Amino acid sequence: LGDAETAENLQTKVKLLQLEARVHRQAGASDEYARALLEARGVQAKVLGRLRGEGPEMLQQHKSLAARLCSELARHSEQHKNYAEALRYYGEALKHDEKHAEAMASLARLHMDREELEDARKQCQALLKNDLETEKATMMLA
């Protein structure tokens with residue numbers, strides 16, 4: 001591996017890309033915001049690949065970061081009414097972290113908005129099962 005491809009350097013690049021994305025979001029540069037998040041997501045996937053042999057705590061921390069990046073991309077997609085893409089990113093977030101409460105609640109809400117009530121019910125039940133965002137899940141099921 002070259003120096004640029006070490007796990008530590010890749011982690012730093014993810015942090016810089018997150019910062020860049022935040023700057024673009026605050027400046028109202030929506031396309032650049034999404035581009036920086038997508039790049040951060042790709043680099044974070046490389047980080048996860050490098051850390052496969054590491055301890056479970058470190059790996060989980062980086063999976064959670066990948067889930068957060070995917071959730072941000074999903075929210076961005078929703079704001080631009082690209083619901084199929086939002087569903088895909090929320091699903092990806094849950095593959096990284098199956099108990100990511102924000103992704104689960106957002107996915108349930110998105111299914112409800114699309115009148116996919118059975119899928120929404122399943123997501124709410126998963127939230128309740130994992131004792132996450134209980135109030136949101138209960139309200140959606142009501």
# chains A, B, ... in the order shown; residues from 1 in each chain; ligands from 1
>>> residues_around(residues="stretch 3-15 of chain A", least_positions_apart="4", cutoff="6 Å", atoms="only C-alpha atoms", output="PyMOL selection string")
chain A and resi 40+47+50
>>> residues_around(residues="A:Leu48", least_positions_apart="2", cutoff="10 Å", atoms="only C-alpha atoms", output="NGL selection string")
:A and (7 or 10-11 or 43-46 or 50-54 or 58-63 or 66 or 96)
>>> write_last_selection(atoms="N, CA, C and O atoms", output="short mmCIF file (atom, residue, chain, number, x, y, z; two decimals), in the first residue's frame")
data_model
loop_
_atom_site.label_atom_id
_atom_site.label_comp_id
_atom_site.auth_asym_id
_atom_site.auth_seq_id
_atom_site.Cartn_x
_atom_site.Cartn_y
_atom_site.Cartn_z
N ALA A 7 -4.91 3.20 6.30
CA ALA A 7 -6.21 3.42 6.95
C ALA A 7 -6.24 4.80 7.61
O ALA A 7 -7.25 5.51 7.51
N LEU A 10 -6.65 7.50 4.96
CA LEU A 10 -8.00 7.45 4.41
C LEU A 10 -9.01 8.04 5.40
O LEU A 10 -9.93 8.76 5.00
N GLN A 11 -8.83 7.77 6.68
CA GLN A 11 -9.72 8.33 7.70
C GLN A 11 -9.64 9.85 7.72
O GLN A 11 -10.66 10.53 7.85
N VAL A 43 -14.54 6.64 0.12
CA VAL A 43 -13.29 6.53 0.88
C VAL A 43 -13.55 5.74 2.17
O VAL A 43 -12.73 4.91 2.57
N GLN A 44 -14.70 5.98 2.80
CA GLN A 44 -15.03 5.25 4.03
C GLN A 44 -15.16 3.75 3.74
O GLN A 44 -14.79 2.92 4.57
N ALA A 45 -15.64 3.39 2.57
CA ALA A 45 -15.71 1.97 2.19
C ALA A 45 -14.31 1.37 2.14
O ALA A 45 -14.09 0.23 2.57
N LYS A 46 -13.34 2.15 1.64
CA LYS A 46 -11.95 1.69 1.64
C LYS A 46 -11.43 1.52 3.07
O LYS A 46 -10.71 0.57 3.36
N ARG A 50 -9.85 -1.81 4.90
CA ARG A 50 -8.54 -1.87 5.55
C ARG A 50 -8.64 -2.36 7.00
O ARG A 50 -7.71 -2.93 7.53
N LEU A 51 -9.79 -2.10 7.63
CA LEU A 51 -9.93 -2.39 9.06
C LEU A 51 -10.62 -3.73 9.34
O LEU A 51 -10.91 -4.03 10.49
N ARG A 52 -10.84 -4.53 8.34
CA ARG A 52 -11.57 -5.79 8.54
C ARG A 52 -10.96 -6.67 9.62
O ARG A 52 -11.67 -7.32 10.35
N GLY A 53 -9.67 -6.69 9.76
CA GLY A 53 -9.02 -7.54 10.75
C GLY A 53 -8.89 -6.91 12.13
O GLY A 53 -8.38 -7.52 13.05
N GLU A 54 -9.36 -5.68 12.27
CA GLU A 54 -9.22 -4.96 13.54
C GLU A 54 -10.30 -5.41 14.52
O GLU A 54 -11.20 -6.16 14.19
N MET A 58 -13.55 -0.93 17.03
CA MET A 58 -13.07 0.01 16.02
C MET A 58 -13.85 -0.14 14.72
O MET A 58 -14.25 0.85 14.09
N LEU A 59 -14.09 -1.37 14.33
CA LEU A 59 -14.84 -1.63 13.10
C LEU A 59 -16.26 -1.06 13.21
O LEU A 59 -16.74 -0.42 12.27
N GLN A 60 -16.91 -1.24 14.36
CA GLN A 60 -18.26 -0.73 14.55
C GLN A 60 -18.30 0.79 14.47
O GLN A 60 -19.22 1.37 13.91
N GLN A 61 -17.29 1.43 15.02
CA GLN A 61 -17.21 2.89 14.97
C GLN A 61 -17.19 3.37 13.51
O GLN A 61 -17.87 4.33 13.15
N HIS A 62 -16.43 2.68 12.68
CA HIS A 62 -16.33 3.09 11.28
C HIS A 62 -17.56 2.68 10.47
O HIS A 62 -17.93 3.35 9.51
N LYS A 63 -18.21 1.60 10.86
CA LYS A 63 -19.48 1.24 10.23
C LYS A 63 -20.54 2.28 10.55
O LYS A 63 -21.35 2.63 9.69
N ALA A 66 -20.01 5.20 8.32
CA ALA A 66 -20.51 4.89 6.98
C ALA A 66 -22.03 5.01 6.95
O ALA A 66 -22.60 5.55 5.99
N HIS A 96 -24.71 -1.17 6.99
CA HIS A 96 -23.51 -0.84 7.78
C HIS A 96 -23.79 -0.94 9.28
O HIS A 96 -22.94 -1.37 10.04
#
>>> closest_residue(among="A:Gly91, A:Gly28, A:Pro56, A:Gly49", to="A:Cys70", atoms="only C-alpha atoms")
A:Gly91
>>> closest_residue(among="A:Arg25, A:Lys122, A:Arg75, A:Lys129", to="A:Ala108", atoms="only C-alpha atoms")
A:Lys122
>>> residues_around(residues="A:His76", least_positions_apart="5", cutoff="9 Å", atoms="only C-alpha atoms", output="PyMOL selection string")
chain A and resi 30+33-34+71+81-82+86
